[in-house]
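The next block is target-v1.tsv, given as TSV, C-alpha atoms (C1' of nucleotides).
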chain	number	residue	atom	x	y	z
A	6	MET	CA	70.34	116.38	132.72
A	7	ALA	CA	73.16	114.19	131.41
A	8	GLY	CA	74.65	112.96	134.68
A	9	ASN	CA	71.35	112.79	136.53
A	10	GLU	CA	71.21	109.03	136.55
A	11	HIS	CA	74.79	108.90	137.70
A	12	PHE	CA	74.00	111.13	140.68
A	13	ARG	CA	70.85	109.22	141.45
A	14	GLN	CA	72.97	106.09	141.80
A	15	LEU	CA	75.48	107.89	143.96
A	16	LEU	CA	72.77	109.14	146.28
A	17	LYS	CA	71.10	105.77	146.43
A	18	SER	CA	74.43	104.29	147.49
A	19	GLY	CA	74.20	106.54	150.53
A	20	ASN	CA	70.52	105.81	151.19
A	21	LEU	CA	69.57	109.31	150.14
A	22	LYS	CA	66.61	110.42	148.09
A	23	SER	CA	67.41	111.93	144.73
A	24	THR	CA	66.26	115.53	144.81
A	25	LYS	CA	66.67	118.49	142.51
A	26	HIS	CA	68.89	120.23	145.02
A	27	ARG	CA	71.14	117.34	145.80
A	28	ASN	CA	71.63	116.64	142.13
A	29	ALA	CA	72.40	120.28	141.50
A	30	ILE	CA	75.01	120.36	144.23
A	31	LEU	CA	76.66	117.17	143.08
A	32	GLU	CA	76.71	118.53	139.56
A	33	ALA	CA	78.25	121.83	140.63
A	34	LEU	CA	80.90	120.07	142.67
A	35	GLU	CA	81.74	117.75	139.78
A	36	LYS	CA	81.78	120.49	137.19
A	37	ASN	CA	84.07	122.77	139.15
A	38	ASP	CA	86.56	120.13	140.24
A	39	VAL	CA	87.95	122.26	143.06
A	40	PRO	CA	86.77	122.58	146.63
A	41	LEU	CA	84.03	125.18	147.06
A	42	THR	CA	82.47	126.92	150.05
A	43	ALA	CA	78.79	126.56	150.85
A	44	GLU	CA	78.22	130.11	149.71
A	45	GLU	CA	80.05	129.65	146.42
A	46	LEU	CA	77.87	126.65	145.72
A	47	TYR	CA	74.79	128.65	146.65
A	48	LEU	CA	75.75	131.36	144.16
A	49	HIS	CA	76.62	128.91	141.39
A	50	LEU	CA	73.25	127.26	141.74
A	51	LYS	CA	71.53	130.60	141.68
A	52	GLU	CA	73.30	131.47	138.45
A	53	ASP	CA	72.13	128.19	136.99
A	54	GLY	CA	68.59	129.13	137.88
A	55	VAL	CA	68.30	126.74	140.80
A	56	SER	CA	66.53	128.43	143.67
A	57	ILE	CA	67.75	127.08	146.98
A	58	SER	CA	68.14	128.19	150.56
A	59	LEU	CA	71.64	128.62	151.95
A	60	SER	CA	70.80	126.48	154.94
A	61	THR	CA	69.75	123.71	152.59
A	62	VAL	CA	73.14	123.92	150.93
A	63	TYR	CA	74.76	123.46	154.32
A	64	ARG	CA	72.43	120.63	155.19
A	65	ILE	CA	73.05	118.78	151.95
A	66	LEU	CA	76.80	119.16	152.25
A	67	GLU	CA	76.72	117.89	155.80
A	68	THR	CA	74.75	114.88	154.65
A	69	LEU	CA	77.11	114.13	151.77
A	70	VAL	CA	80.09	114.26	154.13
A	71	GLU	CA	78.29	112.03	156.61
A	72	ARG	CA	77.65	109.45	153.90
A	73	ASN	CA	81.21	109.72	152.73
A	74	LEU	CA	80.30	111.07	149.30
A	75	ALA	CA	82.07	114.37	149.89
A	76	ALA	CA	84.86	115.74	152.07
A	77	ARG	CA	84.94	118.91	154.10
A	78	PHE	CA	88.13	120.74	155.10
A	79	ASN	CA	89.71	124.13	155.57
A	80	LEU	CA	92.21	125.99	153.45
A	81	PRO	CA	94.98	127.96	155.15
A	82	ASP	CA	93.98	131.45	156.30
A	83	GLU	CA	90.30	130.97	155.63
A	84	ASN	CA	87.74	130.72	158.34
A	85	LYS	CA	85.21	128.90	156.27
A	86	ALA	CA	85.00	125.31	155.17
A	87	VAL	CA	85.27	124.01	151.60
A	88	TYR	CA	83.78	120.85	150.15
A	89	GLU	CA	84.65	118.53	147.30
A	90	LEU	CA	83.44	115.22	145.96
A	91	LYS	CA	85.33	112.14	147.03
A	92	HIS	CA	87.41	111.07	144.04
A	93	ASP	CA	88.53	107.62	142.97
A	94	GLN	CA	92.07	108.80	143.20
A	95	HIS	CA	92.94	110.30	146.54
A	96	ARG	CA	94.10	113.85	145.89
A	97	HIS	CA	95.56	116.98	147.39
A	98	HIS	CA	95.75	120.60	146.29
A	99	LEU	CA	98.27	123.29	145.60
A	100	LEU	CA	97.01	126.61	146.87
A	101	CYS	CA	98.54	129.75	145.44
A	102	VAL	CA	98.81	132.22	148.30
A	103	LYS	CA	98.89	135.11	145.84
A	104	CYS	CA	96.01	134.52	143.43
A	105	ARG	CA	94.29	131.94	145.66
A	106	LYS	CA	93.88	129.53	142.76
A	107	LEU	CA	93.64	125.85	143.62
A	108	LEU	CA	95.33	123.13	141.59
A	109	PRO	CA	94.24	119.54	142.26
A	110	VAL	CA	96.99	116.92	142.28
A	111	ASP	CA	96.17	113.25	142.12
A	112	GLY	CA	98.16	110.82	144.18
A	113	CYS	CA	99.57	111.04	147.66
A	114	PRO	CA	103.02	110.71	149.18
A	115	LEU	CA	102.03	109.52	152.64
A	116	GLU	CA	101.58	105.76	152.63
A	117	ALA	CA	105.03	104.97	154.01
A	118	TYR	CA	104.83	107.72	156.59
A	119	GLU	CA	101.53	106.45	157.94
A	120	LYS	CA	102.97	102.97	158.40
A	121	LEU	CA	105.84	104.48	160.31
A	122	LEU	CA	103.42	106.34	162.58
A	123	GLU	CA	101.49	103.17	163.26
A	124	ASP	CA	104.68	101.34	164.20
A	125	ARG	CA	106.21	104.06	166.25
A	126	PHE	CA	103.17	105.40	168.09
A	127	GLY	CA	100.64	102.60	167.98
A	128	PHE	CA	98.38	105.10	166.26
A	129	THR	CA	95.80	103.64	163.88
A	130	VAL	CA	95.68	106.04	160.95
A	131	LYS	CA	92.27	106.59	159.38
A	132	GLY	CA	93.11	109.50	157.13
A	133	HIS	CA	94.89	112.78	156.78
A	134	GLN	CA	94.57	116.27	155.51
A	135	LEU	CA	97.32	117.82	153.43
A	136	GLU	CA	97.33	121.15	151.67
A	137	VAL	CA	100.45	122.54	150.03
A	138	PHE	CA	100.72	126.27	149.54
A	139	GLY	CA	103.07	128.59	147.68
A	140	TYR	CA	103.15	130.40	144.36
A	141	CYS	CA	101.60	128.95	141.23
A	142	ALA	CA	103.53	128.99	137.95
A	143	ASP	CA	101.96	132.29	136.87
A	144	CYS	CA	102.55	134.09	140.12
A	145	SER	CA	106.10	132.69	140.46
A	146	GLU	CA	107.00	134.16	137.10
A	147	LYS	CA	105.77	137.58	138.06
A	148	ARG	CA	107.76	137.42	141.28
A	149	ASP	CA	110.92	136.33	139.47
A	150	SER	CA	110.82	139.09	136.93
A	151	LYS	CA	110.41	141.70	139.61
B	24	MET	CA	108.87	134.62	185.60
B	25	ALA	CA	111.52	132.14	184.49
B	26	GLY	CA	111.17	132.39	180.72
B	27	ASN	CA	110.26	136.06	180.64
B	28	GLU	CA	113.59	137.14	179.21
B	29	HIS	CA	113.35	134.39	176.62
B	30	PHE	CA	109.97	135.67	175.45
B	31	ARG	CA	111.15	139.24	175.47
B	32	GLN	CA	113.87	138.24	173.01
B	33	LEU	CA	111.40	136.36	170.88
B	34	LEU	CA	109.08	139.34	170.71
B	35	LYS	CA	111.91	141.72	169.98
B	36	SER	CA	112.91	139.48	167.08
B	37	GLY	CA	109.49	140.28	165.62
B	38	ASN	CA	109.69	144.00	166.46
B	39	LEU	CA	107.05	143.61	169.10
B	40	LYS	CA	106.89	145.18	172.52
B	41	SER	CA	107.10	142.81	175.44
B	42	THR	CA	103.83	143.04	177.33
B	43	LYS	CA	102.29	141.09	180.18
B	44	HIS	CA	99.67	139.64	177.87
B	45	ARG	CA	101.98	138.63	175.07
B	46	ASN	CA	104.31	136.97	177.51
B	47	ALA	CA	101.42	135.18	179.15
B	48	ILE	CA	100.20	133.85	175.81
B	49	LEU	CA	103.64	132.71	174.72
B	50	GLU	CA	104.07	131.01	178.07
B	51	ALA	CA	100.72	129.24	177.85
B	52	LEU	CA	101.46	128.06	174.33
B	53	GLU	CA	104.88	126.80	175.34
B	54	LYS	CA	103.67	125.12	178.48
B	55	ASN	CA	100.87	123.24	176.78
B	56	ASP	CA	102.79	122.10	173.72
B	57	VAL	CA	99.67	121.37	171.71
B	58	PRO	CA	97.66	123.69	169.49
B	59	LEU	CA	95.04	125.67	171.41
B	60	THR	CA	92.05	127.74	170.38
B	61	ALA	CA	91.84	131.42	171.24
B	62	GLU	CA	89.19	130.65	173.81
B	63	GLU	CA	91.19	127.89	175.46
B	64	LEU	CA	94.08	130.29	175.81
B	65	TYR	CA	91.74	132.90	177.23
B	66	LEU	CA	90.52	130.47	179.87
B	67	HIS	CA	94.00	129.25	180.74
B	68	LEU	CA	95.16	132.79	181.31
B	69	LYS	CA	92.16	133.50	183.45
B	70	GLU	CA	92.95	130.49	185.62
B	71	ASP	CA	96.48	131.76	186.01
B	72	GLY	CA	95.07	135.04	187.27
B	73	VAL	CA	95.84	136.98	184.09
B	74	SER	CA	92.93	139.26	183.26
B	75	ILE	CA	92.67	139.71	179.50
B	76	SER	CA	90.03	140.40	176.90
B	77	LEU	CA	89.17	137.71	174.39
B	78	SER	CA	89.65	140.12	171.52
B	79	THR	CA	93.13	140.83	172.79
B	80	VAL	CA	93.88	137.13	172.67
B	81	TYR	CA	92.79	137.09	169.03
B	82	ARG	CA	94.80	140.18	168.22
B	83	ILE	CA	97.96	138.86	169.84
B	84	LEU	CA	97.65	135.53	168.08
B	85	GLU	CA	97.14	137.25	164.76
B	86	THR	CA	100.24	139.33	165.37
B	87	LEU	CA	102.34	136.32	166.33
B	88	VAL	CA	101.29	134.51	163.17
B	89	GLU	CA	102.03	137.60	161.09
B	90	ARG	CA	105.54	137.79	162.53
B	91	ASN	CA	105.99	134.08	162.00
B	92	LEU	CA	106.35	133.28	165.69
B	93	ALA	CA	103.24	131.12	165.74
B	94	ALA	CA	101.15	129.11	163.29
B	95	ARG	CA	97.40	129.03	162.87
B	96	PHE	CA	95.49	126.11	161.37
B	97	ASN	CA	92.33	124.05	161.61
B	98	LEU	CA	91.75	120.57	162.90
B	99	PRO	CA	89.34	118.32	161.01
B	100	ASP	CA	85.66	118.81	161.89
B	101	GLU	CA	86.24	121.94	163.93
B	102	ASN	CA	85.10	125.32	162.82
B	103	LYS	CA	87.56	127.20	164.93
B	104	ALA	CA	91.25	127.82	164.53
B	105	VAL	CA	94.04	126.55	166.75
B	106	TYR	CA	97.45	128.10	167.32
B	107	GLU	CA	100.85	126.84	168.33
B	108	LEU	CA	104.35	128.22	168.63
B	109	LYS	CA	106.68	127.67	165.72
B	110	HIS	CA	109.15	125.00	166.78
B	111	ASP	CA	112.77	124.50	165.79
B	112	GLN	CA	111.81	121.14	164.42
B	113	HIS	CA	109.00	121.28	161.92
B	114	ARG	CA	106.20	119.13	163.30
B	115	HIS	CA	102.82	117.61	162.62
B	116	HIS	CA	100.13	116.10	164.81
B	117	LEU	CA	98.21	112.92	165.26
B	118	LEU	CA	94.61	113.65	166.19
B	119	CYS	CA	92.61	110.92	167.83
B	120	VAL	CA	89.09	111.12	166.42
B	121	LYS	CA	87.72	109.32	169.47
B	122	CYS	CA	89.22	111.08	172.49
B	123	ARG	CA	90.34	114.16	170.53
B	124	LYS	CA	93.82	114.02	172.03
B	125	LEU	CA	96.62	115.58	170.00
B	126	LEU	CA	100.05	114.04	169.77
B	127	PRO	CA	102.84	116.19	168.31
B	128	VAL	CA	105.30	114.42	166.01
B	129	ASP	CA	108.59	116.00	165.06
B	130	GLY	CA	109.88	115.60	161.55
B	131	CYS	CA	108.16	115.63	158.23
B	132	PRO	CA	107.91	113.28	155.25
B	133	LEU	CA	107.31	115.84	152.55
B	134	GLU	CA	110.63	117.22	151.29
B	135	ALA	CA	110.88	114.92	148.29
B	136	TYR	CA	107.24	115.39	147.39
B	137	GLU	CA	107.56	119.15	147.37
B	138	LYS	CA	110.52	118.98	144.98
B	139	LEU	CA	108.46	116.81	142.71
B	140	LEU	CA	105.63	119.33	142.75
B	141	GLU	CA	107.99	122.16	141.89
B	142	ASP	CA	109.37	120.17	138.95
B	143	ARG	CA	106.08	118.92	137.65
B	144	PHE	CA	103.89	121.99	138.12
B	145	GLY	CA	106.28	124.90	138.32
B	146	PHE	CA	104.73	125.57	141.70
B	147	THR	CA	107.00	127.28	144.24
B	148	VAL	CA	106.22	125.60	147.53
B	149	LYS	CA	106.29	127.85	150.60
B	150	GLY	CA	104.84	125.44	153.11
B	151	HIS	CA	102.18	122.90	153.83
B	152	GLN	CA	99.65	121.82	156.38
B	153	LEU	CA	99.35	118.18	157.35
B	154	GLU	CA	97.23	116.65	160.06
B	155	VAL	CA	96.90	112.90	160.47
B	156	PHE	CA	93.85	111.50	162.19
B	157	GLY	CA	92.82	108.11	163.49
B	158	TYR	CA	92.80	106.26	166.80
B	159	CYS	CA	95.48	106.80	169.44
B	160	ALA	CA	97.10	103.82	171.15
B	161	ASP	CA	94.62	103.90	174.04
B	162	CYS	CA	91.53	104.15	171.89
B	163	SER	CA	92.80	101.53	169.42
B	164	GLU	CA	93.15	99.06	172.26
B	165	LYS	CA	89.62	99.57	173.42
B	166	ARG	CA	88.38	99.09	169.87
B	167	ASP	CA	90.39	95.89	169.46
B	168	SER	CA	89.15	94.30	172.65
B	169	LYS	CA	85.59	94.96	171.71
C	8	DA	C1'	46.80	108.40	143.24
C	9	DT	C1'	47.80	108.37	148.48
C	10	DG	C1'	50.35	108.63	152.66
C	11	DC	C1'	54.42	108.84	155.25
C	12	DA	C1'	58.96	109.91	156.02
C	13	DA	C1'	62.44	112.69	154.46
C	14	DA	C1'	63.83	117.15	152.54
C	15	DT	C1'	63.41	122.12	152.20
C	16	DG	C1'	62.53	127.30	153.15
C	17	DC	C1'	62.90	130.89	155.96
C	18	DG	C1'	64.33	133.31	159.58
C	19	DA	C1'	66.09	133.29	164.09
C	20	DA	C1'	69.87	131.67	167.09
C	21	DT	C1'	74.56	130.56	167.92
C	22	DG	C1'	79.52	130.72	167.79
C	23	DA	C1'	83.85	132.40	166.15
C	24	DT	C1'	86.29	136.25	164.81
C	25	DT	C1'	87.06	141.15	163.70
C	26	DC	C1'	86.40	146.03	164.34
C	27	DT	C1'	85.92	150.61	166.72
C	28	DT	C1'	87.15	153.92	169.96
C	29	DA	C1'	88.72	155.59	174.16
C	30	DA	C1'	91.92	154.54	177.77
C	31	DT	C1'	96.46	152.51	179.18
C	32	DA	C1'	101.11	150.89	179.14
C	33	DA	C1'	105.83	150.19	177.08
C	34	DT	C1'	109.85	152.19	175.25
C	35	DA	C1'	113.17	155.94	173.94
C	36	DT	C1'	114.62	160.31	175.36
C	37	DT	C1'	115.68	163.79	178.43
D	23	DA	C1'	113.25	159.23	187.28
D	24	DA	C1'	109.69	162.11	184.46
D	25	DT	C1'	107.80	162.71	179.79
D	26	DA	C1'	106.46	162.25	175.05
D	27	DT	C1'	105.50	159.12	171.55
D	28	DT	C1'	103.51	155.24	169.87
D	29	DA	C1'	101.88	150.72	170.31
D	30	DT	C1'	98.75	147.96	172.94
D	31	DT	C1'	94.53	146.77	175.37
D	32	DA	C1'	89.43	146.65	177.10
D	33	DA	C1'	84.88	146.40	176.16
D	34	DG	C1'	81.41	145.60	173.57
D	35	DA	C1'	79.31	146.15	169.05
D	36	DA	C1'	79.44	144.34	164.44
D	37	DT	C1'	80.21	140.78	161.10
D	38	DC	C1'	80.55	136.39	159.07
D	39	DA	C1'	79.91	131.36	158.93
D	40	DT	C1'	77.14	127.82	160.41
D	41	DT	C1'	73.28	125.50	162.77
D	42	DC	C1'	68.57	125.11	164.46
D	43	DG	C1'	63.34	125.05	164.76
D	44	DC	C1'	59.28	124.53	162.78
D	45	DA	C1'	55.88	124.87	159.18
D	46	DT	C1'	55.48	123.34	154.36
D	47	DT	C1'	56.62	120.60	150.43
D	48	DT	C1'	58.44	116.70	147.88
D	49	DG	C1'	60.15	111.93	146.71
D	50	DC	C1'	59.00	107.46	146.59
D	51	DA	C1'	56.99	102.93	148.08
D	52	DT	C1'	52.43	101.16	148.05

Encoded form using structure tokens:
Amino acid sequence: MAGNEHFRQLLKSGNLKSTKHRNAILEALEKNDVPLTAEELYLHLKEDGVSISLSTVYRILETLVERNLAARFNLPDENKAVYELKHDQHRHHLLCVKCRKLLPVDGCPLEAYEKLLEDRFGFTVKGHQLEVFGYCADCSEKRDSK
Amino acid sequence: MAGNEHFRQLLKSGNLKSTKHRNAILEALEKNDVPLTAEELYLHLKEDGVSISLSTVYRILETLVERNLAARFNLPDENKAVYELKHDQHRHHLLCVKCRKLLPVDGCPLEAYEKLLEDRFGFTVKGHQLEVFGYCADCSEKRDSK
DNA sequence: ATGCAAATGCGAATGATTCTTAATAATATT
DNA sequence: AATATTATTAAGAATCATTCGCATTTGCAT
């Protein structure tokens, strides 16, 4: 129950009641530190002894995204969405196309580019989505030595 | 039938037979110049008098992506995939979150960043996916004047 | 403690995508 | 130009992710 109070605050900041399920989902997202699908979250909670309905998982995630506490996006070649907590530091991910591992990377290279887009196209940038994919260190090694 | 020979070449380059349906899909993708969903393509073809099955559209798109003639990705807040032809110039898109228009932008700001990732994480970058979203010139104006 | 609004469970409904199988069409060969 | 070979397509069923509807339960202000 360590971070419970922390999550309660977070939820209050979005005008949301603090419930067992919401706390559990926030905790799972924080603990894992990589984007997860609704079903992965559902299974993690189950393992932790939290009984929950899959549709509730979806509903909670939708709410968190709505209140800007979480982000939803898609990884390449997947037809399901993943979710992660909004971090202080804006971040992206490296996706290994071989082992499908995800490596979070803090920081972002796009500030200058977005200014350029605003100047050149009169487009008001509100955000972006960037995923980089390739071979992680482990899988690169194996490929090299082959 | 203007570009037929052009598409035939393209398909041959991927070891694919040139068929009415594949040509029609390539033509629709080229003509529209923005990413389209499988269903949008299906409807466009229908309007052009090309009778095709939706599952064939999916299968052809999958094949084109496999052979690296097209790219598949997801736009924010959509749970369906869109497809576009691979262009000579690597490109990204500006998505207007208000009117949902898509504006293609040639060029890419990520070369330096990818080198940095390779150095810092030993990650071998094969590609990336970047979509920028915000308000297009038209929709920005309306917001300003409000 | 009580009541009301918000949250949840459960299963059905929807929407996108993939699969299966029989029929058809595109190419290489004659 | 006809044929054999093999890839491609149609049609709809099946699957998977996600959303919805409604009855029940829970959190929280009073």

**OP:** Within 12 Å of C:DA29, counting all atoms listed in the file, which residues show up once you throw out same-chain ones fewer than 5 positions away? Write them as JSON, numbers by chain, please.
**Re:** {"D": [31, 32, 33]}

Original post:
What's the 8 Å shell around stretch 9-22 of chain C, counting all atoms listed in the file, without same-chain residues fewer than 6 positions away, as a PyMOL selection string?
Top reply: (chain A and resi 22+58+61) or (chain D and resi 41-42+47-48)

Do me a favour and pick out the residues of chain A within 10 Å of chain C, using all atoms listed in the file, as a PDB file with C-alpha atoms, in the frame of the given file.
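Below is the file that was written, part32.pdb:
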ATOM      1  CA  LEU A  21      69.570 109.310 150.140  1.00  0.00           C
ATOM      2  CA  LYS A  22      66.610 110.420 148.090  1.00  0.00           C
ATOM      3  CA  THR A  24      66.260 115.530 144.810  1.00  0.00           C
ATOM      4  CA  HIS A  26      68.890 120.230 145.020  1.00  0.00           C
ATOM      5  CA  ARG A  27      71.140 117.340 145.800  1.00  0.00           C
ATOM      6  CA  ILE A  57      67.750 127.080 146.980  1.00  0.00           C
ATOM      7  CA  SER A  58      68.140 128.190 150.560  1.00  0.00           C
ATOM      8  CA  LEU A  59      71.640 128.620 151.950  1.00  0.00           C
ATOM      9  CA  SER A  60      70.800 126.480 154.940  1.00  0.00           C
ATOM     10  CA  THR A  61      69.750 123.710 152.590  1.00  0.00           C
ATOM     11  CA  VAL A  62      73.140 123.920 150.930  1.00  0.00           C
ATOM     12  CA  ARG A  64      72.430 120.630 155.190  1.00  0.00           C
ATOM     13  CA  ILE A  65      73.050 118.780 151.950  1.00  0.00           C
ATOM     14  CA  ASN A  84      87.740 130.720 158.340  1.00  0.00           C
TER      15      ASN A  84
END

Original post:
In Å to one decimal, how far is atom CA of B:Leu59 from atom CA of B:Val105?
Top reply: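 One can read the atom CA of B:Val105 to atom CA of B:Leu59 distance as 4.8 Å.
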
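Interatomic distance, atom CA of A:Ala76 against atom C1' of D:DA39: 17.8 Å.
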
Subject >> Using all atoms listed in the file: which of D:DT40, D:DA51, D:DA35, D:DA24 has the shortest distance to chain B >> reply: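 Among the listed residues, the smallest separation from chain B belongs to D:DT40.
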
**OP:** Around the point (99.2, 127.5, 142.2) in the file's coordinates, collect all residues with an atom within 7 Å, using all atoms listed in the file, and return them as a list in words.
**Re:**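 Nearby residues: Leu99, Leu100, Cys101, Lys106, Leu107, Leu108, Gly139, Tyr140, Cys141 and Ala142 of chain A; Phe146 of chain B.
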
**OP:** Residues of chain A no more than 7 Å from chain B, counting only C-alpha atoms: send them over as a ChimeraX atom specification.
**Re:** /A:78-79,81,114,118,126-142,145

Original post:
Suppose you want the space between atom C1' of D:DC44 and atom CA of A:Thr42; what is it in Å?
Top reply: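 According to the coordinates, atom C1' of D:DC44 and atom CA of A:Thr42 are separated by 26.6 Å.
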
Subject >> All residues 8 Å or closer to stretch 66-73 of chain B, all atoms listed in the file, same chain fewer than 6 positions away omitted, as a PyMOL selection string >> reply: chain B and resi 44+47-48+51

Per-axis box centre and lengths in Å around stretch 23-42 of chain A, 4 Å margin per side, axis-aligned, as JSON:
{"center_x": 77.1, "center_y": 119.4, "center_z": 143.6, "size_x": 29.7, "size_y": 23.0, "size_z": 20.9}

Subject >> Which residue of A:Ser56, A:Asn37, A:Thr68, A:Ser23 approaches A:Asn9 most closely, using only C-alpha atoms >> reply: A:Ser23

Original post:
Looking at all atoms listed in the file, which of D:DA29, D:DC50, D:DA23, D:DA45 is the one that sits closest to chain A?
Top reply: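 Closest residue, counting all atoms listed in the file: D:DC50.
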
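Shortest separation to chain D among B:Lys54, B:Ala61, B:His110, B:Tyr81 occurs at residue B:Tyr81, atoms counted being all atoms listed in the file.
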
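With all atoms listed in the file as the basis for measurement, B:Gly37 is the residue among B:Phe30, B:Gly130, B:Tyr106, B:Gly37 that approaches B:Glu89 most closely.
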